[in-house]
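Following: one structure in structure tokens, then a few remarks.
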Amino acid sequence: MTPMTPITQPRVLLPHIAGGPAAYPSLILLALLSAPLAAADAPVSWYKDVTPLFKRSCNGCHNPNKTKGDVDTSTYAAFAKPGKNGPSYLVGDPTKSLVVSEVTGKEPSMPKEGDALSPAEVALLERWIREGAKDDTPADAYSTRITAPPTYAALPVITALAISPDGRWIAASGYHEVLVFSTADFQPRGRWVGESTRIESLAFSPDSKSLAVAAGVPASLGEVQVWDVESGKQTAAWKLSADSVYGISWSPTGDRLALGGADKAVRVLAYPSGKEIVRFDNHSDWSLQTAWLPSGTRLLSGSRDRAIKLIDAVSGQFIDDINKLIEPVTCIARHPKDETVLSGGAEGGLRWYKAKENQERTAANNDVNLVRDFERQPGPVQAVAFSPDGSMAAAAIPNGEVRIYNPADGKRTATLGGHDGAVFSLAFSPDGKRLFTGSFDGLIREFDPANGRLMGILQPVTLTP
Ligand code: HEC
């Protein structure tokens, strides 16, 4: 790896990546804007006629995450299920259909907020019911697959970064894609476009051959992708859940993957089969980050429920909360050499814990695993990392700084500034001499973590005018 030349004025690299046509978003928009109400003679289509009006007027309160009255209008299958007060419609008879009475009358009770449906829209809904309330949703209707790489009108927030253990590659989150660059010269290696719109977390396998991605589409898909680094080909796309997944990590031997999710579950998947071998449902809120202990038999999961849970990675049994439940845990990072973990909290806490049973806790001290409580951060800690030799602890925060601490005495040794907005992701190079940051401003910055000097800036995507 050729180190970048130290420069006073940071070099800005703008890789010229070929962008495909902006076909996808504009086509969908066009389809929505021009959707005509069903022709008088053709049967009413659930997908083309009813779905768009539900989407506009109803789905805001009736979707998988917010089912007011136990009614979900977002898909055919969900709408077909009875709500709290019974079925929403009676096939063939609009006059006996609850949904029709809800949207009609002098003061229609639905939509609960916003404009009432027009008489033509009500007539459409009635006719769909009269004609048999049929489903004509195409098989790929909810697929977010795209055929050309996305184009960008603004730089995407960099929510995830990872460096391969061999130090050669840096991967960053884009919209719908992972952007991969050489760490030697920042030249693009590939744009790895998958089905999920949001890339939440990235992790290279211990042998640097594969990149695992926790991704999703909020409220509809949680997916794990695996990419072959050499060929740039996708080798796996496992659909796991109906909401985003986060915090993916490889077991030390590279034969298992752990991840958390908005469905509160922690999963362990066998690699390469993808078989779910552990599902842990002990969290009461989203699990945002996982980390393996060196043995590979125990696993940690940090959650918005404030706990860092120690889990038996083989049986899936809950062992203990290693920490005192002080604030939502937004990020964790295991120490590279021992069984300790750094945690960042939603209220600015930055703490270092022993990753073991918290059993000696007493009424007087119920945070017995605490090794160090660092300086309080001004806002939620978005990402934490240890340098590869464990001599530095880094925390990314919303004021646009990354702060470096000496774990031995807890003192701050450097402050990496200059980000335009919060820093969301961090990655140390394997030699510990470079620290890459990913920020709200859409740029990747390279720093010398020893002194905080900015060494380079990478804009990972090209903007289309
Ligand atoms: C601003 C939120 C909101 C919007 C928008 C909304 N609803 Fe509702 N809906 C509710 C709530 C809350 C309930 C639960 C019953 C209640 O409080 O009236 C409900 C209940 C229902 C029910 C069940 C009624 C019952 O008696 O059990 C149906 C059917 C329904 N809504 C259909 C619709 C349709 C169709 C639309 C769009 C045209 C719509 N809603 C838009 C909030 C909303």
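In the structure tokens, chains take the letters A, B, ... in the order shown, each chain's residues start at 1, and ligands count up from 1 in the order shown.
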
### Task
All residues within 10 Å of ligand 1 are required, counting only C-alpha atoms and all ligand atoms; please report them as an NGL selection string.
:A and (50 or 53-62 or 66-73 or 79 or 82-89 or 97-104 or 108-117 or 121-122 or 125)

Could you build a table of the residues in segment 59-173 of chain A lying no more than 12 Å from segment 215-218 of chain A, giving for each the nearest pair of atoms and their separation in Å rounded to one decimal place, using only C-alpha atoms, ordered by chain and ascending residue number, as JSON lines?
```
{"residue": "A:Asn63", "atom": "CA", "partner": "A:Pro218", "partner_atom": "CA", "distance": 11.8}
{"residue": "A:Pro64", "atom": "CA", "partner": "A:Pro218", "partner_atom": "CA", "distance": 10.7}
{"residue": "A:Asn65", "atom": "CA", "partner": "A:Pro218", "partner_atom": "CA", "distance": 9.9}
{"residue": "A:Tyr142", "atom": "CA", "partner": "A:Val217", "partner_atom": "CA", "distance": 10.4}
{"residue": "A:Ser143", "atom": "CA", "partner": "A:Val217", "partner_atom": "CA", "distance": 10.0}
{"residue": "A:Thr144", "atom": "CA", "partner": "A:Val217", "partner_atom": "CA", "distance": 8.3}
{"residue": "A:Arg145", "atom": "CA", "partner": "A:Val217", "partner_atom": "CA", "distance": 11.2}
{"residue": "A:Thr159", "atom": "CA", "partner": "A:Ala215", "partner_atom": "CA", "distance": 11.0}
{"residue": "A:Ala160", "atom": "CA", "partner": "A:Ala215", "partner_atom": "CA", "distance": 10.4}
{"residue": "A:Ser173", "atom": "CA", "partner": "A:Ala215", "partner_atom": "CA", "distance": 9.7}
```

Save out the residues we just selected, all heavy atoms, as a PDB file, in the first residue's frame.
```pdb
ATOM      1  N   ASN A  63     -50.161   1.196   7.661  1.00  0.00           N
ATOM      2  CA  ASN A  63     -49.029   0.494   7.036  1.00  0.00           C
ATOM      3  C   ASN A  63     -48.490  -0.517   8.042  1.00  0.00           C
ATOM      4  O   ASN A  63     -48.932  -0.543   9.192  1.00  0.00           O
ATOM      5  CB  ASN A  63     -47.966   1.516   6.611  1.00  0.00           C
ATOM      6  CG  ASN A  63     -47.402   2.285   7.790  1.00  0.00           C
ATOM      7  OD1 ASN A  63     -46.777   1.709   8.686  1.00  0.00           O
ATOM      8  ND2 ASN A  63     -47.637   3.590   7.833  1.00  0.00           N
ATOM      9  N   PRO A  64     -47.530  -1.356   7.642  1.00  0.00           N
ATOM     10  CA  PRO A  64     -47.095  -2.434   8.559  1.00  0.00           C
ATOM     11  C   PRO A  64     -46.579  -1.929   9.907  1.00  0.00           C
ATOM     12  O   PRO A  64     -46.671  -2.630  10.906  1.00  0.00           O
ATOM     13  CB  PRO A  64     -45.971  -3.132   7.787  1.00  0.00           C
ATOM     14  CG  PRO A  64     -46.207  -2.811   6.358  1.00  0.00           C
ATOM     15  CD  PRO A  64     -46.866  -1.470   6.333  1.00  0.00           C
ATOM     16  N   ASN A  65     -46.075  -0.688   9.955  1.00  0.00           N
ATOM     17  CA  ASN A  65     -45.537  -0.182  11.215  1.00  0.00           C
ATOM     18  C   ASN A  65     -46.551   0.630  12.000  1.00  0.00           C
ATOM     19  O   ASN A  65     -46.310   0.993  13.145  1.00  0.00           O
ATOM     20  CB  ASN A  65     -44.309   0.689  10.954  1.00  0.00           C
ATOM     21  CG  ASN A  65     -43.110  -0.158  10.621  1.00  0.00           C
ATOM     22  OD1 ASN A  65     -43.056  -1.337  10.966  1.00  0.00           O
ATOM     23  ND2 ASN A  65     -42.161   0.419   9.920  1.00  0.00           N
ATOM     24  N   TYR A 142     -43.126  -4.933  -5.601  1.00  0.00           N
ATOM     25  CA  TYR A 142     -42.462  -4.293  -4.463  1.00  0.00           C
ATOM     26  C   TYR A 142     -40.959  -4.502  -4.488  1.00  0.00           C
ATOM     27  O   TYR A 142     -40.265  -4.252  -3.530  1.00  0.00           O
ATOM     28  CB  TYR A 142     -43.089  -4.770  -3.152  1.00  0.00           C
ATOM     29  CG  TYR A 142     -44.571  -4.471  -3.136  1.00  0.00           C
ATOM     30  CD1 TYR A 142     -45.520  -5.487  -3.250  1.00  0.00           C
ATOM     31  CD2 TYR A 142     -45.007  -3.149  -3.073  1.00  0.00           C
ATOM     32  CE1 TYR A 142     -46.878  -5.192  -3.287  1.00  0.00           C
ATOM     33  CE2 TYR A 142     -46.360  -2.845  -3.113  1.00  0.00           C
ATOM     34  CZ  TYR A 142     -47.294  -3.864  -3.216  1.00  0.00           C
ATOM     35  OH  TYR A 142     -48.624  -3.558  -3.256  1.00  0.00           O
ATOM     36  N   SER A 143     -40.476  -4.972  -5.624  1.00  0.00           N
ATOM     37  CA  SER A 143     -39.032  -5.116  -5.767  1.00  0.00           C
ATOM     38  C   SER A 143     -38.433  -3.736  -5.972  1.00  0.00           C
ATOM     39  O   SER A 143     -38.993  -2.897  -6.673  1.00  0.00           O
ATOM     40  CB  SER A 143     -38.715  -5.998  -6.966  1.00  0.00           C
ATOM     41  OG  SER A 143     -37.343  -5.907  -7.255  1.00  0.00           O
ATOM     42  N   THR A 144     -37.298  -3.506  -5.334  1.00  0.00           N
ATOM     43  CA  THR A 144     -36.630  -2.222  -5.536  1.00  0.00           C
ATOM     44  C   THR A 144     -35.400  -2.422  -6.414  1.00  0.00           C
ATOM     45  O   THR A 144     -34.499  -1.597  -6.432  1.00  0.00           O
ATOM     46  CB  THR A 144     -36.219  -1.606  -4.184  1.00  0.00           C
ATOM     47  OG1 THR A 144     -35.573  -2.618  -3.420  1.00  0.00           O
ATOM     48  CG2 THR A 144     -37.414  -1.089  -3.437  1.00  0.00           C
ATOM     49  N   ARG A 145     -35.368  -3.540  -7.126  1.00  0.00           N
ATOM     50  CA  ARG A 145     -34.276  -3.817  -8.035  1.00  0.00           C
ATOM     51  C   ARG A 145     -34.166  -2.703  -9.089  1.00  0.00           C
ATOM     52  O   ARG A 145     -35.183  -2.193  -9.555  1.00  0.00           O
ATOM     53  CB  ARG A 145     -34.584  -5.126  -8.774  1.00  0.00           C
ATOM     54  CG  ARG A 145     -33.499  -6.121  -8.736  1.00  0.00           C
ATOM     55  CD  ARG A 145     -34.006  -7.454  -9.252  1.00  0.00           C
ATOM     56  NE  ARG A 145     -34.223  -8.389  -8.155  1.00  0.00           N
ATOM     57  CZ  ARG A 145     -33.244  -8.918  -7.453  1.00  0.00           C
ATOM     58  NH1 ARG A 145     -31.989  -8.610  -7.685  1.00  0.00           N
ATOM     59  NH2 ARG A 145     -33.515  -9.766  -6.484  1.00  0.00           N
ATOM     60  N   THR A 159     -23.229   6.389   5.640  1.00  0.00           N
ATOM     61  CA  THR A 159     -23.647   5.770   6.894  1.00  0.00           C
ATOM     62  C   THR A 159     -22.745   4.608   7.284  1.00  0.00           C
ATOM     63  O   THR A 159     -22.752   4.187   8.427  1.00  0.00           O
ATOM     64  CB  THR A 159     -25.084   5.249   6.767  1.00  0.00           C
ATOM     65  OG1 THR A 159     -25.170   4.459   5.568  1.00  0.00           O
ATOM     66  CG2 THR A 159     -26.075   6.390   6.679  1.00  0.00           C
ATOM     67  N   ALA A 160     -22.004   4.077   6.323  1.00  0.00           N
ATOM     68  CA  ALA A 160     -21.178   2.909   6.633  1.00  0.00           C
ATOM     69  C   ALA A 160     -19.877   2.958   5.850  1.00  0.00           C
ATOM     70  O   ALA A 160     -19.835   3.413   4.705  1.00  0.00           O
ATOM     71  CB  ALA A 160     -21.948   1.636   6.295  1.00  0.00           C
ATOM     72  N   SER A 173     -20.989   3.249   1.908  1.00  0.00           N
ATOM     73  CA  SER A 173     -22.392   3.147   1.525  1.00  0.00           C
ATOM     74  C   SER A 173     -22.744   4.223   0.523  1.00  0.00           C
ATOM     75  O   SER A 173     -22.325   5.378   0.644  1.00  0.00           O
ATOM     76  CB  SER A 173     -23.273   3.316   2.762  1.00  0.00           C
ATOM     77  OG  SER A 173     -23.050   4.591   3.334  1.00  0.00           O
TER      78      SER A 173
END
```

### Task
Could you give me the residues within segment 56-111 of chain A that DSSP places in strand (DSSP E), as JSON, numbers by chain?
{"A": [62, 63, 66, 67]}

### Message
Env of Phe186 of chain A: 9 Å cut, atoms = only C-alpha atoms, seq-sep filter 3 positions within chain, self excluded. Answer as a PyMOL selection string.
### Response
chain A and resi 13+15+169-170+180-183+189+458

### Task
Can you list, as a ChimeraX atom specification, all residues belonging to segment 29-164 of chain A that DSSP tags as alpha helix (DSSP H)?
/A:29-34,51-57,76-80,98-103,119-130

Kindly save the residues from that selection, with C-alpha atoms included, as a PDB file, in the first residue's frame.
```pdb
ATOM      1  CA  LEU A  29     -42.830   9.435 -10.719  1.00  0.00           C
ATOM      2  CA  LEU A  30     -44.200   9.631 -14.231  1.00  0.00           C
ATOM      3  CA  ALA A  31     -46.230   6.500 -13.662  1.00  0.00           C
ATOM      4  CA  LEU A  32     -47.730   7.975 -10.511  1.00  0.00           C
ATOM      5  CA  LEU A  33     -48.456  11.389 -11.986  1.00  0.00           C
ATOM      6  CA  SER A  34     -50.039  10.120 -15.135  1.00  0.00           C
ATOM      7  CA  THR A  51     -53.124   1.351  -4.656  1.00  0.00           C
ATOM      8  CA  PRO A  52     -52.155   4.902  -5.755  1.00  0.00           C
ATOM      9  CA  LEU A  53     -55.101   6.487  -3.992  1.00  0.00           C
ATOM     10  CA  PHE A  54     -54.522   4.464  -0.812  1.00  0.00           C
ATOM     11  CA  LYS A  55     -50.888   5.408  -0.990  1.00  0.00           C
ATOM     12  CA  ARG A  56     -51.738   9.086  -1.161  1.00  0.00           C
ATOM     13  CA  SER A  57     -54.571   9.210   1.391  1.00  0.00           C
ATOM     14  CA  TYR A  76     -53.418  -6.402  -1.157  1.00  0.00           C
ATOM     15  CA  ALA A  77     -52.630  -9.197   1.289  1.00  0.00           C
ATOM     16  CA  ALA A  78     -52.570  -6.824   4.261  1.00  0.00           C
ATOM     17  CA  PHE A  79     -55.775  -5.029   3.281  1.00  0.00           C
ATOM     18  CA  ALA A  80     -57.546  -8.380   2.861  1.00  0.00           C
ATOM     19  CA  LEU A  98     -66.706  -0.964   6.062  1.00  0.00           C
ATOM     20  CA  VAL A  99     -64.109   0.856   3.976  1.00  0.00           C
ATOM     21  CA  VAL A 100     -66.817   2.379   1.791  1.00  0.00           C
ATOM     22  CA  SER A 101     -68.839   3.634   4.733  1.00  0.00           C
ATOM     23  CA  GLU A 102     -65.643   5.067   6.222  1.00  0.00           C
ATOM     24  CA  VAL A 103     -64.861   7.185   3.149  1.00  0.00           C
ATOM     25  CA  PRO A 119     -66.722  11.024  -5.718  1.00  0.00           C
ATOM     26  CA  ALA A 120     -64.855   9.473  -8.681  1.00  0.00           C
ATOM     27  CA  GLU A 121     -62.353   7.830  -6.325  1.00  0.00           C
ATOM     28  CA  VAL A 122     -65.091   6.492  -4.079  1.00  0.00           C
ATOM     29  CA  ALA A 123     -66.870   5.132  -7.156  1.00  0.00           C
ATOM     30  CA  LEU A 124     -63.656   3.406  -8.197  1.00  0.00           C
ATOM     31  CA  LEU A 125     -63.256   1.743  -4.825  1.00  0.00           C
ATOM     32  CA  GLU A 126     -66.885   0.628  -4.872  1.00  0.00           C
ATOM     33  CA  ARG A 127     -66.526  -0.774  -8.366  1.00  0.00           C
ATOM     34  CA  TRP A 128     -63.349  -2.671  -7.423  1.00  0.00           C
ATOM     35  CA  ILE A 129     -65.278  -4.352  -4.586  1.00  0.00           C
ATOM     36  CA  ARG A 130     -68.310  -5.027  -6.801  1.00  0.00           C
TER      37      ARG A 130
END
```

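Going from atom CA of Val266 of chain A to atom CA of His283 of chain A covers 8.3 Å.
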
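The shortest atom-to-atom distance to Leu90 of chain A, with only C-alpha atoms taken into account, belongs to A:Lys134 out of A:Arg453, A:Lys239, A:Lys134, A:His335.
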